[in-house]
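The file model.txt comes next; it holds compact mmCIF, C-alpha atoms.
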# COMPACT_ATOMS: atom_id res chain seq x y z
CA MET H 1 139.32 68.13 97.01
CA ALA H 2 144.77 67.91 103.57
CA ALA H 3 146.07 71.17 104.86
CA SER H 4 142.99 72.82 103.42
CA MET H 5 140.58 70.29 104.90
CA GLY H 6 141.13 71.42 108.49
CA CYS H 7 140.22 74.93 107.54
CA LEU H 8 137.24 73.74 105.51
CA ILE H 9 135.88 71.75 108.43
CA LEU H 10 136.32 74.72 110.75
CA LEU H 11 134.51 77.00 108.31
CA ALA H 12 131.72 74.51 107.87
CA CYS H 13 131.28 74.20 111.63
CA LEU H 14 131.06 77.97 111.97
CA VAL H 15 128.94 78.73 108.95
CA SER H 16 127.02 75.65 107.85
CA PRO H 17 126.78 72.80 110.36
CA LEU H 18 124.38 71.06 107.96
CA LEU H 19 127.40 69.83 106.00
CA LEU H 20 128.79 67.83 108.86
CA GLY H 21 126.08 65.68 110.37
CA GLY H 22 122.63 64.25 110.13
CA ALA H 23 121.24 66.29 113.01
CA VAL H 24 122.12 69.69 114.40
CA HIS H 25 121.28 70.53 118.01
CA GLY H 26 118.59 67.85 118.10
CA HIS H 27 116.93 68.89 114.83
CA PRO H 28 116.63 66.25 112.10
CA TRP H 29 118.47 66.52 108.81
CA PRO H 30 116.48 69.05 106.75
CA TRP H 31 116.73 67.63 103.24
CA GLY H 32 113.26 66.27 102.52
CA GLY H 33 113.61 62.91 104.22
CA LEU H 34 117.17 62.32 103.03
CA PHE H 35 119.90 61.79 105.62
CA PRO H 36 123.53 60.58 105.50
CA GLN H 37 122.95 57.55 107.73
CA PHE H 38 120.18 56.08 105.56
CA TYR H 39 122.10 52.86 104.77
CA ASP H 40 123.99 52.50 108.04
CA HIS H 41 121.97 49.43 109.00
CA SER H 42 120.62 48.13 105.68
CA CYS H 43 123.94 48.32 103.82
CA PRO H 44 126.68 49.46 106.22
CA LYS H 45 129.48 49.13 103.66
CA ALA H 46 127.68 51.05 100.91
CA LYS H 47 129.78 54.22 101.13
CA GLU H 48 132.99 52.21 101.34
CA ILE H 49 132.06 50.20 98.24
CA VAL H 50 131.29 53.32 96.22
CA ARG H 51 134.44 55.10 97.37
CA SER H 52 136.67 52.12 96.53
CA ILE H 53 135.38 51.66 92.98
CA VAL H 54 135.43 55.40 92.23
CA ALA H 55 139.03 55.51 93.46
CA GLN H 56 139.98 52.65 91.13
CA ALA H 57 138.27 54.37 88.18
CA VAL H 58 139.95 57.73 88.82
CA ALA H 59 143.31 56.00 89.24
CA ARG H 60 142.83 54.46 85.79
CA GLU H 61 141.79 57.79 84.26
CA ALA H 62 141.98 61.10 86.14
CA ARG H 63 139.33 62.64 83.87
CA MET H 64 136.73 60.24 85.26
CA ALA H 65 136.42 62.37 88.41
CA ALA H 66 134.97 65.25 86.38
CA SER H 67 132.79 62.88 84.35
CA LEU H 68 131.15 61.47 87.48
CA VAL H 69 130.49 64.93 88.95
CA ARG H 70 128.88 65.95 85.63
CA LEU H 71 126.77 62.79 85.56
CA HIS H 72 125.17 63.76 88.89
CA PHE H 73 124.61 67.33 87.64
CA HIS H 74 122.93 66.18 84.41
CA ASP H 75 120.76 63.79 86.41
CA CYS H 76 119.56 66.31 88.98
CA PHE H 77 118.64 69.03 86.47
CA VAL H 78 116.17 66.69 84.71
CA LYS H 79 113.21 65.47 86.79
CA GLY H 80 115.33 65.75 89.94
CA CYS H 81 118.07 63.50 91.32
CA ASP H 82 116.43 60.22 90.36
CA ALA H 83 118.95 58.41 88.11
CA SER H 84 116.75 58.97 85.06
CA VAL H 85 119.93 59.82 83.13
CA LEU H 86 121.16 56.24 83.50
CA LEU H 87 118.23 54.55 81.73
CA ASP H 88 118.88 53.09 78.29
CA ASN H 89 116.34 53.12 75.47
CA SER H 90 113.63 50.50 75.95
CA THR H 91 109.92 50.05 75.34
CA GLY H 92 108.30 53.23 76.61
CA ILE H 93 111.59 54.97 77.45
CA VAL H 94 113.55 57.36 75.26
CA SER H 95 116.94 57.62 76.96
CA GLU H 96 118.30 60.98 78.08
CA LYS H 97 121.68 59.73 76.86
CA GLY H 98 120.64 60.78 73.35
CA SER H 99 119.90 64.42 74.22
CA ASN H 100 121.96 67.30 72.85
CA PRO H 101 123.86 67.91 76.12
CA ASN H 102 124.59 64.21 76.64
CA LYS H 103 125.10 62.53 73.27
CA ASN H 104 128.74 61.61 72.62
CA SER H 105 129.60 63.63 75.72
CA LEU H 106 128.24 62.23 78.99
CA ARG H 107 130.35 59.36 80.29
CA GLY H 108 131.07 57.24 83.36
CA PHE H 109 128.13 54.87 82.96
CA GLU H 110 130.34 51.78 83.15
CA VAL H 111 131.74 52.95 86.50
CA ILE H 112 128.21 53.30 87.85
CA ASP H 113 127.43 49.79 86.54
CA GLU H 114 130.47 48.42 88.38
CA ILE H 115 129.47 50.14 91.63
CA LYS H 116 125.88 48.95 91.36
CA ALA H 117 126.93 45.34 90.70
CA ALA H 118 129.11 45.37 93.82
CA LEU H 119 126.29 46.88 95.90
CA GLU H 120 123.81 44.28 94.62
CA THR H 121 126.20 41.54 95.73
CA ALA H 122 126.61 43.08 99.19
CA CYS H 123 123.04 44.33 99.74
CA PRO H 124 120.57 43.25 97.04
CA GLY H 125 117.84 45.74 96.13
CA THR H 126 118.89 48.27 98.75
CA VAL H 127 121.03 51.15 97.46
CA SER H 128 119.50 53.28 94.73
CA CYS H 129 121.28 54.33 91.55
CA ALA H 130 120.42 57.95 92.38
CA ASP H 131 122.32 57.68 95.66
CA VAL H 132 125.23 56.03 93.86
CA LEU H 133 125.46 59.10 91.59
CA ALA H 134 125.43 61.48 94.57
CA LEU H 135 128.11 59.53 96.45
CA ALA H 136 130.28 59.08 93.36
CA ALA H 137 130.21 62.85 92.69
CA ARG H 138 131.36 63.59 96.26
CA ASP H 139 134.06 60.91 96.20
CA SER H 140 135.32 62.12 92.81
CA THR H 141 135.61 65.68 94.11
CA VAL H 142 137.63 64.52 97.12
CA LEU H 143 139.90 62.30 95.03
CA ALA H 144 140.69 65.25 92.75
CA GLY H 145 141.76 67.35 95.76
CA GLY H 146 138.50 69.13 96.54
CA PRO H 147 136.25 69.38 99.59
CA SER H 148 134.26 66.63 101.23
CA TRP H 149 130.69 66.80 102.53
CA GLU H 150 128.12 64.52 104.09
CA VAL H 151 125.81 63.22 101.35
CA PRO H 152 122.13 63.03 102.34
CA LEU H 153 120.84 59.62 101.20
CA GLY H 154 117.55 57.84 100.67
CA ARG H 155 116.71 58.80 97.08
CA ARG H 156 114.76 56.31 94.98
CA ASP H 157 115.10 55.70 91.25
CA SER H 158 112.73 57.02 88.58
CA LEU H 159 110.36 54.92 86.52
CA GLY H 160 111.00 57.00 83.41
CA ALA H 161 113.23 59.48 81.60
CA SER H 162 112.75 62.83 79.88
CA ILE H 163 114.78 63.58 76.78
CA GLN H 164 112.80 66.81 76.44
CA GLY H 165 113.82 67.86 79.92
CA SER H 166 117.41 66.94 79.17
CA ASN H 167 117.38 69.07 76.02
CA ASN H 168 115.69 72.04 77.67
CA ASP H 169 116.68 72.18 81.34
CA ILE H 170 120.44 71.58 81.42
CA PRO H 171 122.42 74.86 81.12
CA ALA H 172 124.35 75.01 77.85
CA PRO H 173 127.85 76.43 77.24
CA ASN H 174 126.50 79.15 74.95
CA ASN H 175 123.49 80.16 77.07
CA THR H 176 123.31 83.77 78.21
CA LEU H 177 123.82 84.39 81.92
CA PRO H 178 120.10 85.24 82.48
CA THR H 179 119.15 81.93 80.83
CA ILE H 180 121.61 80.01 82.99
CA VAL H 181 120.35 81.72 86.16
CA THR H 182 116.74 80.98 85.15
CA LYS H 183 117.53 77.28 84.64
CA PHE H 184 119.14 77.16 88.09
CA ARG H 185 116.26 79.00 89.75
CA ARG H 186 113.76 76.52 88.31
CA GLN H 187 115.60 73.90 90.37
CA GLY H 188 115.53 75.95 93.55
CA LEU H 189 119.13 77.09 93.15
CA ASP H 190 120.33 80.70 93.21
CA VAL H 191 122.99 82.92 91.66
CA ALA H 192 125.58 81.93 94.28
CA ASP H 193 124.99 78.27 93.35
CA VAL H 194 125.56 79.12 89.68
CA VAL H 195 129.04 80.45 90.40
CA ALA H 196 130.01 77.86 93.01
CA LEU H 197 128.91 74.90 90.87
CA SER H 198 130.57 76.39 87.76
CA GLY H 199 133.74 75.89 89.78
CA ALA H 200 133.43 72.18 88.94
CA HIS H 201 135.08 73.29 85.67
CA THR H 202 138.34 73.25 87.62
CA ILE H 203 138.55 69.63 86.41
CA GLY H 204 137.61 67.86 83.21
CA MET H 205 137.60 68.43 79.48
CA SER H 206 135.33 70.04 76.91
CA ARG H 207 134.80 69.31 73.24
CA CYS H 208 135.59 71.77 70.47
CA THR H 209 131.89 72.02 69.59
CA SER H 210 131.20 73.58 72.99
CA PHE H 211 133.34 76.67 72.42
CA ARG H 212 134.04 76.94 68.68
CA GLN H 213 131.76 79.95 68.27
CA ARG H 214 133.97 81.93 70.68
CA LEU H 215 136.97 81.43 68.40
CA TYR H 216 135.45 82.40 65.07
CA ASN H 217 132.02 84.01 65.25
CA GLN H 218 131.00 84.97 68.77
CA SER H 219 128.72 87.86 67.81
CA GLY H 220 127.78 86.88 64.29
CA ASN H 221 130.42 89.18 62.80
CA GLY H 222 133.06 86.57 62.00
CA MET H 223 135.25 87.75 64.89
CA ALA H 224 136.58 85.96 67.95
CA ASP H 225 135.19 86.70 71.40
CA ALA H 226 137.05 89.83 72.51
CA THR H 227 137.05 88.69 76.12
CA LEU H 228 139.31 85.71 75.29
CA GLU H 229 142.98 86.33 76.09
CA VAL H 230 144.74 86.57 72.71
CA SER H 231 147.44 83.90 73.09
CA TYR H 232 144.94 81.51 74.69
CA ALA H 233 142.53 82.00 71.79
CA ALA H 234 145.32 81.34 69.30
CA ALA H 235 146.25 78.09 71.06
CA LEU H 236 142.62 76.98 71.02
CA ARG H 237 142.26 77.71 67.30
CA ARG H 238 145.22 75.44 66.55
CA GLY H 239 143.32 72.49 67.97
CA CYS H 240 139.77 73.56 67.15
CA PRO H 241 139.43 74.48 63.45
CA ARG H 242 136.42 76.20 61.88
CA SER H 243 135.18 72.81 60.70
CA GLY H 244 136.10 69.28 61.73
CA GLY H 245 137.65 68.17 64.99
CA ASP H 246 134.33 68.45 66.81
CA GLY H 247 135.38 65.90 69.40
CA ASN H 248 138.84 67.37 70.07
CA LEU H 249 139.21 67.79 73.82
CA PHE H 250 140.54 70.76 75.76
CA PRO H 251 140.98 71.14 79.52
CA LEU H 252 138.42 73.39 81.20
CA ASP H 253 141.21 74.51 83.55
CA LEU H 254 144.39 74.96 81.54
CA ALA H 255 146.60 75.32 84.63
CA THR H 256 145.67 72.25 86.73
CA PRO H 257 143.17 70.21 84.66
CA ALA H 258 143.09 67.18 86.95
CA ARG H 259 143.20 68.97 90.32
CA PHE H 260 140.16 70.40 92.06
CA ASP H 261 141.25 73.88 93.17
CA ASN H 262 140.30 77.51 92.60
CA LEU H 263 142.50 78.14 89.55
CA TYR H 264 139.40 77.97 87.34
CA PHE H 265 138.34 81.31 88.81
CA LYS H 266 141.81 82.78 88.37
CA ASN H 267 141.68 81.66 84.72
CA VAL H 268 138.32 83.36 84.20
CA LEU H 269 139.74 86.61 85.62
CA ALA H 270 142.64 86.34 83.13
CA GLY H 271 140.41 85.79 80.08
CA ARG H 272 141.21 82.08 80.03
CA GLY H 273 137.81 80.64 80.80
CA LEU H 274 137.14 78.08 78.08
CA LEU H 275 133.37 78.29 77.69
CA SER H 276 131.18 81.30 77.10
CA SER H 277 129.23 80.25 80.20
CA ASP H 278 132.47 80.64 82.19
CA GLU H 279 133.30 84.08 80.78
CA VAL H 280 129.83 85.59 81.35
CA LEU H 281 130.19 85.02 85.09
CA LEU H 282 132.80 87.79 85.03
CA THR H 283 131.51 90.12 82.33
CA LYS H 284 127.72 90.13 82.52
CA SER H 285 126.87 90.59 86.20
CA ALA H 286 128.47 92.50 89.09
CA GLU H 287 127.03 89.93 91.51
CA THR H 288 128.57 86.90 89.80
CA ALA H 289 131.82 88.77 89.08
CA ALA H 290 132.22 89.52 92.80
CA LEU H 291 131.89 85.82 93.58
CA VAL H 292 134.40 84.87 90.87
CA LYS H 293 136.90 87.29 92.45
CA ALA H 294 136.13 86.06 95.98
CA TYR H 295 136.68 82.43 95.02
CA ALA H 296 139.86 83.28 93.10
CA ASP H 297 141.16 84.92 96.27
CA ASP H 298 140.05 82.29 98.79
CA VAL H 299 140.08 78.57 97.97
CA HIS H 300 138.58 77.72 101.38
CA LEU H 301 135.58 79.94 100.69
CA PHE H 302 135.10 78.25 97.33
CA PHE H 303 135.39 74.77 98.83
CA ARG H 304 132.82 75.60 101.53
CA ASP H 305 130.34 77.06 99.08
CA PHE H 306 130.84 74.30 96.50
CA ALA H 307 130.10 71.64 99.12
CA ARG H 308 127.01 73.52 100.28
CA SER H 309 125.74 73.94 96.70
CA MET H 310 126.33 70.27 95.90
CA VAL H 311 124.15 69.29 98.87
CA LYS H 312 121.46 71.68 97.64
CA MET H 313 121.66 70.34 94.09
CA GLY H 314 121.51 66.76 95.37
CA ASN H 315 118.18 67.57 97.00
CA ILE H 316 116.38 68.59 93.80
CA SER H 317 113.03 66.76 93.78
CA PRO H 318 114.17 63.40 95.13
CA LEU H 319 111.85 60.42 95.07
CA THR H 320 111.55 59.01 98.61
CA GLY H 321 109.56 56.48 100.61
CA ALA H 322 107.46 54.32 98.29
CA GLN H 323 108.00 56.55 95.22
CA GLY H 324 109.85 55.07 92.25
CA GLU H 325 111.91 51.98 92.90
CA VAL H 326 115.42 50.80 93.74
CA ARG H 327 116.69 49.52 90.40
CA LYS H 328 118.70 46.31 90.36
CA ASN H 329 120.39 47.45 87.13
CA CYS H 330 120.76 51.19 86.71
CA ARG H 331 120.21 50.99 82.94
CA ARG H 332 116.70 49.54 83.08
CA LEU H 333 113.59 49.34 85.20
CA ASN H 334 113.11 46.28 87.38
CA GLY H 335 111.48 43.51 85.37
CA ASN H 336 112.39 45.29 82.11
CA HIS H 337 114.75 43.12 80.05
CA TYR H 338 114.39 44.55 76.55

Would you write out, as structure tokens, the structure that this file holds?
Amino acid sequence: MAASMGCLILLACLVSPLLLGGAVHGHPWPWGGLFPQFYDHSCPKAKEIVRSIVAQAVAREARMAASLVRLHFHDCFVKGCDASVLLDNSTGIVSEKGSNPNKNSLRGFEVIDEIKAALETACPGTVSCADVLALAARDSTVLAGGPSWEVPLGRRDSLGASIQGSNNDIPAPNNTLPTIVTKFRRQGLDVADVVALSGAHTIGMSRCTSFRQRLYNQSGNGMADATLEVSYAAALRRGCPRSGGDGNLFPLDLATPARFDNLYFKNVLAGRGLLSSDEVLLTKSAETAALVKAYADDVHLFFRDFARSMVKMGNISPLTGAQGEVRKNCRRLNGNHY
């Protein structure tokens, strides 16, 4: 996420110069007051600190790359990219960690704690938890073999959480395609972003509970999803029974589960997309199907569009200026020691 990088950079220069610098032809960075150089003077080693600790975490466990990308996604889709997802339960705060999409599923919090502790040592009270999430997602993508992009910075951290928003706003594996598209559009994202960001499923694992209905009762008739390739479905059933084994893990990309590439899209074309939300990209819309095929054919196109969509997602309703705070501990508000 090195031969491909040269091509990616060339494409980005030609098509989207916003990915490569804080200003383009004298115009300021456009992302709502965020810009990549935000900490260049106040905490010049911030990016290096984040990158180093993410690299150590991914070296310990390759799956952590996907977990950190997902953490940023689940943060941004609830109240914007404000690190609300990191808050623990406390007086006045019901943690998003207990929501249906996150409970016993979202992970990587200890890595964020480690990064934040190192940043507080280097530059106390300076780098926000929300920016740590955005940087960690980019660094994880690169470490897994995917594209790089400049991360606009300057987000501040929320003063609250929303378990309701977490339950309602994050796209679910069994949502219909129109529902998924609607949830993206509420965040200012479009259909192309849906497909590009779904490509994050080229890495990581999913629990049996997220796809069991496809194996046994997809349409309420006691039958498996007909779009699943037969031998793939049989292999899944062996590890995901009708009952029990809810936490059994399966790779979202059977071919290269720890490498960020475009094989996810090739899998979807072959009926080997794990989740219903993967399969519907091919079967329920000509527009999304065309993008699946385009990305399956051209990894450089996918990398370019994924990077662009990640920048867009990272700009969902950020707190800036005097809004919110810069938490000293990402799990609690400043001055809150419950």

CA of Asn315 (chain H) to CA of Lys116 (chain H), distance in Å rounded to a single decimal: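 Distance between the two atoms: 20.9 Å.
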
Nearest candidate to Val268 (chain H) (options H:Pro36, H:Pro124, H:Gly199, H:Gly154; using all atoms listed in the file): H:Gly199

From H:Leu281, H:Val181, H:Ile112, H:Ala46, residue lying nearest Asn267 (chain H) [all atoms listed in the file]: H:Leu281

Residue with smallest distance to Gly80 (chain H) - pool H:Arg186, H:Arg259, H:Arg138, H:His41, counting all atoms listed in the file: H:Arg186

Val54 (chain H) environment, 12 Å, all atoms listed in the file, sequence neighbours closer than 3 positions dropped, as an MDAnalysis selection string: chainID H and resid 47:51 57:69 108:116 118 132:144

Point-to-point distance from CA of Val280 (chain H) to CA of Tyr232 (chain H), Å rounded to tenths: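 Straight-line distance from CA of Val280 (chain H) to CA of Tyr232 (chain H) works out to 17.0 Å.
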
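Taking CA of Val151 (chain H) as the reference point, CA of Gly165 (chain H) is found at 25.0 Å.
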
Residue contacts of Pro318 (chain H) (7 Å, all atoms listed in the file) excluding same-chain residues fewer than 2 positions away, as a ChimeraX atom specification: /H:80-82,155,315-316,320

Top pick for closest residue to Asp190 (chain H), considering H:Arg331, H:Gly33, H:Ser309, H:Arg156 and counting only C-alpha atoms: H:Ser309

Determine, counting all atoms listed in the file, which protein, DNA and RNA residues have an atom within 12 Å of an atom of Asn168 (chain H); residues of the same chain fewer than 5 positions away are not included. Present the result as a PDB file with C-alpha atoms, in the coordinates of the input.
ATOM      1  CA  HIS H  74     122.930  66.180  84.410  1.00  0.00           C
ATOM      2  CA  PHE H  77     118.640  69.030  86.470  1.00  0.00           C
ATOM      3  CA  VAL H  78     116.170  66.690  84.710  1.00  0.00           C
ATOM      4  CA  LYS H  79     113.210  65.470  86.790  1.00  0.00           C
ATOM      5  CA  GLU H  96     118.300  60.980  78.080  1.00  0.00           C
ATOM      6  CA  SER H  99     119.900  64.420  74.220  1.00  0.00           C
ATOM      7  CA  ASN H 100     121.960  67.300  72.850  1.00  0.00           C
ATOM      8  CA  PRO H 101     123.860  67.910  76.120  1.00  0.00           C
ATOM      9  CA  ASN H 102     124.590  64.210  76.640  1.00  0.00           C
ATOM     10  CA  SER H 162     112.750  62.830  79.880  1.00  0.00           C
ATOM     11  CA  ILE H 163     114.780  63.580  76.780  1.00  0.00           C
ATOM     12  CA  ASN H 175     123.490  80.160  77.070  1.00  0.00           C
ATOM     13  CA  THR H 179     119.150  81.930  80.830  1.00  0.00           C
ATOM     14  CA  ILE H 180     121.610  80.010  82.990  1.00  0.00           C
ATOM     15  CA  THR H 182     116.740  80.980  85.150  1.00  0.00           C
ATOM     16  CA  LYS H 183     117.530  77.280  84.640  1.00  0.00           C
ATOM     17  CA  ARG H 186     113.760  76.520  88.310  1.00  0.00           C
TER      18      ARG H 186
END

Box for region 69-76 of chain H: with edges along x, y and z, all listed atoms inside and 6 Å added on each side, what are the centre and edge lengths in Å to one decimal, as lines of an AutoDock Vina configuration file?
center_x = 125.0
center_y = 65.1
center_z = 86.7
size_x = 22.9
size_y = 16.5
size_z = 16.6

Pick from H:Leu189, H:Leu275, H:Leu228, H:Val326, whichever lies nearest to Thr176 (chain H) using only C-alpha atoms: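 The shortest atom-to-atom distance to Thr176 (chain H) comes from H:Leu275.
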
Can I get N, CA, C and O atoms for region 75-100 of chain H, as a PDB file, in the first residue's frame?
ATOM      1  N   ASP H  75     -14.948   5.974  13.481  1.00  0.00           N
ATOM      2  CA  ASP H  75     -14.942   7.276  14.131  1.00  0.00           C
ATOM      3  C   ASP H  75     -15.618   8.313  13.246  1.00  0.00           C
ATOM      4  O   ASP H  75     -16.532   9.017  13.674  1.00  0.00           O
ATOM      5  N   CYS H  76     -15.201   8.396  12.001  1.00  0.00           N
ATOM      6  CA  CYS H  76     -15.660   9.471  11.114  1.00  0.00           C
ATOM      7  C   CYS H  76     -17.154   9.398  10.809  1.00  0.00           C
ATOM      8  O   CYS H  76     -17.798  10.433  10.603  1.00  0.00           O
ATOM      9  N   PHE H  77     -17.728   8.193  10.774  1.00  0.00           N
ATOM     10  CA  PHE H  77     -19.139   8.059  10.420  1.00  0.00           C
ATOM     11  C   PHE H  77     -20.081   8.402  11.587  1.00  0.00           C
ATOM     12  O   PHE H  77     -21.298   8.380  11.418  1.00  0.00           O
ATOM     13  N   VAL H  78     -19.526   8.706  12.753  1.00  0.00           N
ATOM     14  CA  VAL H  78     -20.338   9.064  13.916  1.00  0.00           C
ATOM     15  C   VAL H  78     -19.870  10.423  14.437  1.00  0.00           C
ATOM     16  O   VAL H  78     -18.768  10.534  14.968  1.00  0.00           O
ATOM     17  N   LYS H  79     -20.676  11.462  14.216  1.00  0.00           N
ATOM     18  CA  LYS H  79     -20.333  12.804  14.696  1.00  0.00           C
ATOM     19  C   LYS H  79     -19.085  13.372  14.038  1.00  0.00           C
ATOM     20  O   LYS H  79     -18.505  14.337  14.525  1.00  0.00           O
ATOM     21  N   GLY H  80     -18.624  12.792  12.941  1.00  0.00           N
ATOM     22  CA  GLY H  80     -17.429  13.291  12.278  1.00  0.00           C
ATOM     23  C   GLY H  80     -16.157  12.712  12.849  1.00  0.00           C
ATOM     24  O   GLY H  80     -16.168  11.941  13.821  1.00  0.00           O
ATOM     25  N   CYS H  81     -15.030  13.094  12.257  1.00  0.00           N
ATOM     26  CA  CYS H  81     -13.725  12.546  12.648  1.00  0.00           C
ATOM     27  C   CYS H  81     -13.215  13.294  13.876  1.00  0.00           C
ATOM     28  O   CYS H  81     -12.400  14.229  13.765  1.00  0.00           O
ATOM     29  N   ASP H  82     -13.698  12.863  15.050  1.00  0.00           N
ATOM     30  CA  ASP H  82     -13.437  13.627  16.272  1.00  0.00           C
ATOM     31  C   ASP H  82     -12.974  12.758  17.439  1.00  0.00           C
ATOM     32  O   ASP H  82     -12.965  13.205  18.588  1.00  0.00           O
ATOM     33  N   ALA H  83     -12.607  11.506  17.147  1.00  0.00           N
ATOM     34  CA  ALA H  83     -12.120  10.574  18.172  1.00  0.00           C
ATOM     35  C   ALA H  83     -13.165  10.244  19.231  1.00  0.00           C
ATOM     36  O   ALA H  83     -12.824   9.772  20.318  1.00  0.00           O
ATOM     37  N   SER H  84     -14.436  10.455  18.923  1.00  0.00           N
ATOM     38  CA  SER H  84     -15.489  10.079  19.878  1.00  0.00           C
ATOM     39  C   SER H  84     -15.487   8.574  20.126  1.00  0.00           C
ATOM     40  O   SER H  84     -15.833   8.118  21.224  1.00  0.00           O
ATOM     41  N   VAL H  85     -15.071   7.798  19.136  1.00  0.00           N
ATOM     42  CA  VAL H  85     -15.070   6.333  19.257  1.00  0.00           C
ATOM     43  C   VAL H  85     -14.090   5.838  20.316  1.00  0.00           C
ATOM     44  O   VAL H  85     -14.217   4.714  20.808  1.00  0.00           O
ATOM     45  N   LEU H  86     -13.134   6.669  20.698  1.00  0.00           N
ATOM     46  CA  LEU H  86     -12.102   6.238  21.645  1.00  0.00           C
ATOM     47  C   LEU H  86     -12.508   6.424  23.095  1.00  0.00           C
ATOM     48  O   LEU H  86     -11.853   5.880  23.990  1.00  0.00           O
ATOM     49  N   LEU H  87     -13.572   7.180  23.363  1.00  0.00           N
ATOM     50  CA  LEU H  87     -13.957   7.477  24.738  1.00  0.00           C
ATOM     51  C   LEU H  87     -14.540   6.249  25.436  1.00  0.00           C
ATOM     52  O   LEU H  87     -15.397   5.550  24.886  1.00  0.00           O
ATOM     53  N   ASP H  88     -14.081   6.001  26.650  1.00  0.00           N
ATOM     54  CA  ASP H  88     -14.649   4.946  27.487  1.00  0.00           C
ATOM     55  C   ASP H  88     -15.897   5.462  28.192  1.00  0.00           C
ATOM     56  O   ASP H  88     -16.152   6.675  28.246  1.00  0.00           O
ATOM     57  N   ASN H  89     -16.673   4.552  28.766  1.00  0.00           N
ATOM     58  CA  ASN H  89     -17.800   4.944  29.604  1.00  0.00           C
ATOM     59  C   ASN H  89     -17.307   5.783  30.778  1.00  0.00           C
ATOM     60  O   ASN H  89     -16.274   5.477  31.386  1.00  0.00           O
ATOM     61  N   SER H  90     -18.047   6.835  31.087  1.00  0.00           N
ATOM     62  CA  SER H  90     -17.750   7.655  32.265  1.00  0.00           C
ATOM     63  C   SER H  90     -19.019   8.434  32.595  1.00  0.00           C
ATOM     64  O   SER H  90     -20.027   8.302  31.905  1.00  0.00           O
ATOM     65  N   THR H  91     -18.969   9.235  33.620  1.00  0.00           N
ATOM     66  CA  THR H  91     -20.128  10.042  33.982  1.00  0.00           C
ATOM     67  C   THR H  91     -20.521  10.938  32.809  1.00  0.00           C
ATOM     68  O   THR H  91     -19.730  11.753  32.356  1.00  0.00           O
ATOM     69  N   GLY H  92     -21.727  10.754  32.307  1.00  0.00           N
ATOM     70  CA  GLY H  92     -22.203  11.579  31.207  1.00  0.00           C
ATOM     71  C   GLY H  92     -21.844  11.060  29.828  1.00  0.00           C
ATOM     72  O   GLY H  92     -22.251  11.653  28.827  1.00  0.00           O
ATOM     73  N   ILE H  93     -21.074   9.973  29.743  1.00  0.00           N
ATOM     74  CA  ILE H  93     -20.671   9.455  28.434  1.00  0.00           C
ATOM     75  C   ILE H  93     -20.970   7.961  28.348  1.00  0.00           C
ATOM     76  O   ILE H  93     -20.512   7.176  29.180  1.00  0.00           O
ATOM     77  N   VAL H  94     -21.773   7.598  27.358  1.00  0.00           N
ATOM     78  CA  VAL H  94     -21.998   6.192  27.036  1.00  0.00           C
ATOM     79  C   VAL H  94     -21.112   5.877  25.826  1.00  0.00           C
ATOM     80  O   VAL H  94     -21.315   6.419  24.739  1.00  0.00           O
ATOM     81  N   SER H  95     -20.137   5.032  26.021  1.00  0.00           N
ATOM     82  CA  SER H  95     -19.110   4.793  25.010  1.00  0.00           C
ATOM     83  C   SER H  95     -19.674   4.161  23.736  1.00  0.00           C
ATOM     84  O   SER H  95     -20.528   3.265  23.789  1.00  0.00           O
ATOM     85  N   GLU H  96     -19.174   4.616  22.607  1.00  0.00           N
ATOM     86  CA  GLU H  96     -19.519   4.010  21.316  1.00  0.00           C
ATOM     87  C   GLU H  96     -18.946   2.601  21.188  1.00  0.00           C
ATOM     88  O   GLU H  96     -19.361   1.835  20.303  1.00  0.00           O
ATOM     89  N   LYS H  97     -18.011   2.252  22.063  1.00  0.00           N
ATOM     90  CA  LYS H  97     -17.407   0.922  22.002  1.00  0.00           C
ATOM     91  C   LYS H  97     -18.431  -0.182  22.282  1.00  0.00           C
ATOM     92  O   LYS H  97     -18.210  -1.340  21.925  1.00  0.00           O
ATOM     93  N   GLY H  98     -19.555   0.173  22.898  1.00  0.00           N
ATOM     94  CA  GLY H  98     -20.588  -0.809  23.207  1.00  0.00           C
ATOM     95  C   GLY H  98     -21.677  -0.918  22.160  1.00  0.00           C
ATOM     96  O   GLY H  98     -22.643  -1.670  22.350  1.00  0.00           O
ATOM     97  N   SER H  99     -21.549  -0.205  21.054  1.00  0.00           N
ATOM     98  CA  SER H  99     -22.588  -0.254  20.015  1.00  0.00           C
ATOM     99  C   SER H  99     -22.554  -1.581  19.265  1.00  0.00           C
ATOM    100  O   SER H  99     -21.576  -2.334  19.333  1.00  0.00           O
ATOM    101  N   ASN H 100     -23.607  -1.856  18.526  1.00  0.00           N
ATOM    102  CA  ASN H 100     -23.674  -3.116  17.773  1.00  0.00           C
ATOM    103  C   ASN H 100     -22.525  -3.286  16.789  1.00  0.00           C
ATOM    104  O   ASN H 100     -21.953  -4.375  16.692  1.00  0.00           O
TER     105      ASN H 100
END
